[in-house]
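Read the structure below first, then the notes.
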Amino acid sequence: MIKIPRMKIFDSMARSNSYLVGLSLFLLLVFIAFVGNWFGFNLWISNSKFYSQILDSHFIDYISIIIIVIPIIGAIIELVYGDKSIKHRDKSVIYMGFLTLIIVVMIYPVILHRTLELHIPGVFSLGLNLRIDMLGYAVLLLSAFIWFFVMIYAHEYMTKEKKSTRFFFFLSLTYSAVIGAIISGDLLMMFIFFEIMTITSYMLVIHGQNDQSYKAGYNYIIMGLIGGFLILTAIILLYFNIGDLRFESAIEKLEELGNLKYWIMGLLVFGFGIKAGMAPVHVWLPRAHPVAPTPASALLSGVMIKVGAFGIIRAASSYYFPSKDVITSINDPLWSAASHIGAIIIWTGIITMALGVFLALQQANIKKMLAYHSISQMGYIVTGIGVALYLGYEGAMGLTGAMYHIINHALFKSLLFMIAGVIYYHTKELDMYKLGGLWKKLPFTTFTFAVAALGISGIPLFNGYVSKTILHHGIVEAYEMGNHLFFYAELMFIVVSAGTVCSFIKMFYYVFLRKTTNEYKTMVFDYSSLDIAMWSMGLIIILIGLFPSFILKSLIIPILNLTNYDSYFIEHQILHLNVFKSEDLLMTLMIVGIGIIIFFVGKKFNLFHLHLPKWLSIEYLVFFPAYLFMRNLCRLMYGDRCPTDKDDYAKLSEKDVEKIGFIDRFVITSNVFNRKYEQSIIRSDALIYTFFITLILVFMLVKKHLL
Amino acid sequence: MNIEQLPIINLLLFLLMALVIPLLKRRPFKLTLILGFIVLGFVFVSSGYLLWYVNNIDIIHYTFGGHEARFGIEFIIDPFSALFTTIIAGLATIIYIYSSGDATEGIEKTEYGRYYVLLFILLMSMFGILYTNDLFNTYVFIEILSITTCAIISIKKKKDTYTAAFRYVMMNELGSLSYLFGVALIYMATGFTNITLIGETMQNAYALYPVNIIIALSFMIIGLGIKAAIFPFHIWLPDAHSAAPSTSSAILSAIVIKVYILVFVKVLFRVFNIDILNEMNISTILLVLAGVGMIMGSVFAIAQKDVKRMLGYSSVAQMGYILLGVGLLSFDGLRAAFFHILSHGLMKTALFLSVGEIIYYKKTRKVNDFDGMGFIMPVAMGVFSIAALGMIGIPLTSGFISKLNLGLAVLDHNQVIFLVILIISSLLNVIYYLPIIILAFLKNEKYRYRMKSIEDTPRTMIAPLILLGVLIIILGLFPNQVMILIEAAVNSIMS
């Protein structure tokens, strides 16, 4: 019998925040009522005069700009209050988030009816293009909810951190950029918002301002900018060859480009993939997510990496899909490009999920473990996207799985990060082997953790099960309708799911269940904004798990209908999809069984404490030739009399990439290079002059006389 | 007053101002400053008016002394020269306002007058170079320009500035003489020095004396390359930049080296025409030079400890971008290059001026000493960050637009490899600009308390900085309006 102690309310805003969350849940209820057409609600709205007036008005087109601007206004008001009144400051941010949420929920009927498009020429040389269609709307709705909950959570959490004004300011700006990236109408706009998002979220990552966060942040922003440049290259190539960047089918023109179309898609996949934490380019993620303050890591994992995945979906499903009025069968050759790209993306996704879960099992730091799970779960999403492309006309199942998993993962991963934050908030400890027995002290948190963990492990009646089952169906279809090699992909899928189960059993055991000597006597049992936000997210997770077809009907089917997929397939396979079939349930049982076995074996033989040697990290292996070259460059230039300091040389031969990254090594090398050549170039002015003039003369005269 | 005489009045005003400054020696210095500002303001307005006039009404031809063009000197004010004189006048006004806030770092009080005399002669020669339609006349103005530049570099009266100035003057004499040699060879083959007349007879002359023309062109490439600090000929630039006062570094980097590239554009497109250039494969030479410069300039910049040297090397890399656009020898290429001349002018001015303010007040020019600088000088570091982000090519700044245009122009020429170089060069920019911003705004917050007394620098120094920051962003948001003027300039140079 647990004795529940008296609750204490410290936070003055806990009550008003509770009302707000209650309102947001009411909003959700209205949304559900509208979709489910309770009491003729849907008809009543659609027939009302007010609604038809909205549909006709021009004002509604500007709604996309309004929802981008609202968070910025919030940020400015927030800055005005500053540290003078923390209460007002946080309120401005939270209420602006709530306002955005209201608007986003309210425009659902409009979006269902038609796509909102806005074009303002003259800005950014190509004009400002915004559009909200169902694909964007699904991610937008999801982001709006999660951002709102996290802001409620952040208000309480940040009271213990320094410089929270700056944090909230950049949080709001990031929100605006995320919304912009989701609802932009062409690739250039998306790229612009994407870059802004990279820079503003950098400020969130380095908020801790210690060595570790600087290092992680530097890694984050460099990788982010590299991703940006890859996308920019793709944009330039696309615009040059197609002459248009709007998200519309361009496959007929792309088909004429030969291999270049694969290059463009490769650049886009990697550019967006860096943000999405895809396998070979995920290295920033496990460093950046743990060092950021918890609200930021919840949003990074919950929303921002999804924007990367969304970018891939958006670009692939618009440019590389034939338009709806051209193609009506699977056998058309126009699908082949998408199919080839899809096959590669599937394997990338499989590798990503396997790598993520394998590394997650080794982690002791809770947030780091969650970050690796984010990589792994992004692998699921990427695989889904791959299937959606690979199967072309029949790939609706893949897209459904990917979109569904985007929604689910956003919910449970931000919830898990928030729980890790609560643990840290109370104990100042993130190492799971040092924690233990928290279930007595934090019973509600334990309960929400159980919900989220069941969600991510894919247990029936929780949301993860639904999307994982759909993704599994997708992979099965890929090997039934396509290549048989994808059978191994299915195997990997099962193993990875089992690993995920094992990993969360492990975390649950070490953090909450295990008996320890720690008493945590000082810990107070309180009710605060942290809890309300987490409970409501847990509630949504359970709701989705209980009524899986709701999301399908309300958000995903409209997306599929707008995309060029076989409508017969959608009608029969997805609309009436039943995830609670016996073979799927058995499969889950098997996965859980394997997971438990792995856990006991791992615990018995101490496998979780095994660590790979430092040089076996992907970064080191990829850059190894470059590192070797840099280390020996000094020798090459000077021979044995290399005057470099011992210090520099030691840094260049360091095997641990965590300590000295590629950029640092490059800077050291360029210093060595500079020391050797800068002055000698400056002194040899006359030589350079004569050399080049002879060179040019010879070049031109020889050319002239040969021709 | 006849509109044709307006450009001459601009030139004369500069000269007159340079003459008047020594005469005002006994009067308070403020009088000189105000007078100079009035002159610059007038010239800016009149250049703007000329820009409007040539774009909407007619191109202006002016021949001196009533001689016909083949004997005398001819000035042509077309969309090209009008646009760039306006840009120069605008940038010079901004830099002038800034320098009047006594940030003429390291110059002795008695030398102030001399500094402004040199500044006005410098401006006069640059206007002359752009207006004139005569190769030899261009040479004369180029000589005036390099000698005044040399005097400005050495104005600080320190030992290292003299070495820098000496190296500068030697290299630039080499450049000028190479250019003159080219002009002489062309004169030998065609019998003219007037650019329009040479252009008309060039096809003929090339058929008759191909070797002459080839040698002339290669000497001109090298000569103007030295002056424009194209990569392997950039040798004089880093020392000169670190030696000169910040305001003159800004003028040097943002305006002077651009003027030489504009001369080069004039030589390429008006003296020779595209057919001859393609036949001689000039494009290859220029593109190779540009590509190497874009990478190597940045690599050297990464290794610099001195901020101003670093900015100097960054200019070398950015000149590579401009040369890339020019070297494509196409409409799109020139358009991108001209836009980058403008946007780099703004960004480099902003960088040098903000760094100048920091150097003046904090007496440090080491990159590593910039920690916490964002809290001491928020405006200076803020503008520095905007301009640095522009250099990297972050959207919402003008640098992004020029990179986008350059990328499209490169593809138009089927040179995908240069797109790769462009991206790599942007990444190198990230490596040396980003750490400074991070250092300034996020580290060493012990200076934070000083935020309360935000920058007690004079308003005349703060205002130009803010103006530059705003202009960079406006140009990044609405490039189309400026693009119309630039396209007119490109059309006039290519016709």
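In the structure tokens, chains take the letters A, B, ... in the order shown, each chain's residues start at 1, and ligands count up from 1 in the order shown.
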Select all residues from chain B having any atom no more than 9 Å from an atom of chain A (counting only C-alpha atoms, ignoring ligands), output as an NGL selection string.
-> :B and (171 or 174 or 210-211 or 214-215 or 218-219 or 221-222 or 226 or 232-236 or 279-282 or 285 or 299-300 or 302-304 or 394-396 or 401 or 404-405 or 407-409 or 411-412 or 419-420 or 423-424 or 426-427 or 430-432 or 435 or 438 or 442-443 or 476-481 or 483)
Could you name the residues that touch Lys157 in chain B at 12 Å or less, counting only C-alpha atoms, but leaving out those on the same chain fewer than 6 positions away, as a short mmCIF file (atom, residue, chain, number, x, y, z; two decimals) with C-alpha atoms, in the first residue's frame?
data_model
loop_
_atom_site.label_atom_id
_atom_site.label_comp_id
_atom_site.auth_asym_id
_atom_site.auth_seq_id
_atom_site.Cartn_x
_atom_site.Cartn_y
_atom_site.Cartn_z
CA GLY B 106 46.39 54.98 -35.06
CA ILE B 107 46.58 58.17 -37.14
CA GLU B 108 48.17 61.18 -35.50
CA GLU B 111 47.58 63.77 -40.12
CA ALA B 151 49.89 56.86 -49.02
CA THR B 163 57.09 47.65 -45.35
CA ALA B 164 53.49 46.89 -46.25
CA ALA B 165 53.21 50.11 -48.24
CA ALA B 243 48.67 47.89 -41.50
CA ALA B 244 46.09 50.40 -42.70
CA PRO B 245 43.55 52.08 -40.39
#
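The space between CA of Leu197 in chain B and CA of Ile261 in chain B spans 21.6 Å.
Distances from A:Ile551, A:Ala337, A:Ile103, A:Ile66 to Asn259 in chain A were compared using only C-alpha atoms, and the smallest one belongs to A:Ala337.
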Hey, what's within 6 Å of Gly401 in chain A if we count only C-alpha atoms and toss same-chain stuff fewer than 4 positions away? As a short mmCIF file (atom, residue, chain, number, x, y, z; two decimals) with C-alpha atoms, in the first residue's frame, please?
data_model
loop_
_atom_site.label_atom_id
_atom_site.label_comp_id
_atom_site.auth_asym_id
_atom_site.auth_seq_id
_atom_site.Cartn_x
_atom_site.Cartn_y
_atom_site.Cartn_z
CA GLY A 384 8.59 3.79 -44.13
CA HIS A 405 5.18 6.86 -36.75
CA SER A 467 2.50 2.45 -36.45
CA ILE A 470 1.70 -0.69 -40.28
CA LEU A 471 5.40 -0.28 -41.02
#
What's the 12 Å shell around Val30 in chain A, counting only C-alpha atoms, without same-chain residues fewer than 4 positions away, as a ChimeraX atom specification?
-> /A:23-26,34-39,41-42,45,102,105-106,108-109
Name the residues in contact with Gly374 in chain B at a cut-off of 6 Å, using only C-alpha atoms, excluding same-chain residues fewer than 3 positions from it; report them as a ChimeraX atom specification.
-> /B:377-378,381,440-441
Of A:Gly392, A:Gly136, A:Gly595, A:Gly180, the one sitting nearest Pro558 in chain A when using only C-alpha atoms is A:Gly136
Backbone-only DSSP, alpha helix (DSSP H) members of range 215-317 of chain B, as a PyMOL selection string = chain B and resi 215-227+237-243+246-251+257-266+274-280+282-302+307-317
Could you give me, as a short mmCIF file (atom, residue, chain, number, x, y, z; two decimals) with N, CA and C atoms, in the first residue's frame, the residues within 7 Å of Thr469 in chain A, counting only C-alpha atoms and dropping anything in the same chain fewer than 3 positions from it?
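Once everything was written out, this is part_18.cif:
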data_model
loop_
_atom_site.label_atom_id
_atom_site.label_comp_id
_atom_site.auth_asym_id
_atom_site.auth_seq_id
_atom_site.Cartn_x
_atom_site.Cartn_y
_atom_site.Cartn_z
N TYR A 465 2.45 0.57 -31.12
CA TYR A 465 2.07 -0.71 -31.73
C TYR A 465 1.43 -0.49 -33.10
N VAL A 466 0.57 0.51 -33.17
CA VAL A 466 -0.16 0.75 -34.42
C VAL A 466 0.79 1.04 -35.56
N HIS A 472 5.50 -2.61 -40.44
CA HIS A 472 5.83 -4.01 -40.70
C HIS A 472 5.09 -4.51 -41.93
N HIS A 473 3.79 -4.17 -42.00
CA HIS A 473 3.02 -4.52 -43.19
C HIS A 473 3.71 -3.97 -44.43
N VAL A 579 -5.40 -3.40 -37.02
CA VAL A 579 -4.06 -3.75 -36.56
C VAL A 579 -4.09 -4.86 -35.52
N ASP A 584 -0.35 -10.34 -36.08
CA ASP A 584 0.38 -9.16 -35.62
C ASP A 584 0.59 -9.22 -34.11
#
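The residue that comes closest to Met13 in chain A, out of A:Thr500, A:Tyr627, A:Ser529, A:Arg514 and on the basis of only C-alpha atoms, is A:Ser529.
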All residues 10 Å or closer to Gly90 in chain B, only C-alpha atoms, same chain fewer than 5 positions away omitted, as number ranges by chain | B: 40-41, 43-45, 47-48, 84-85, 95-96, 346
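Considering only C-alpha atoms, the residue among A:Ile375, A:Met403, A:Ala279, A:Val702 positioned nearest to Ile345 in chain A is A:Ala279.
Distances from A:Phe270, A:Tyr565, A:Tyr424, A:Phe412 to Gly308 in chain A were compared using only C-alpha atoms, and the smallest one belongs to A:Phe270.
Proximity ranking of A:Phe624, A:Ala234, A:Ile32, A:Ser317 relative to Glu654 in chain A places A:Phe624 first, based on only C-alpha atoms.
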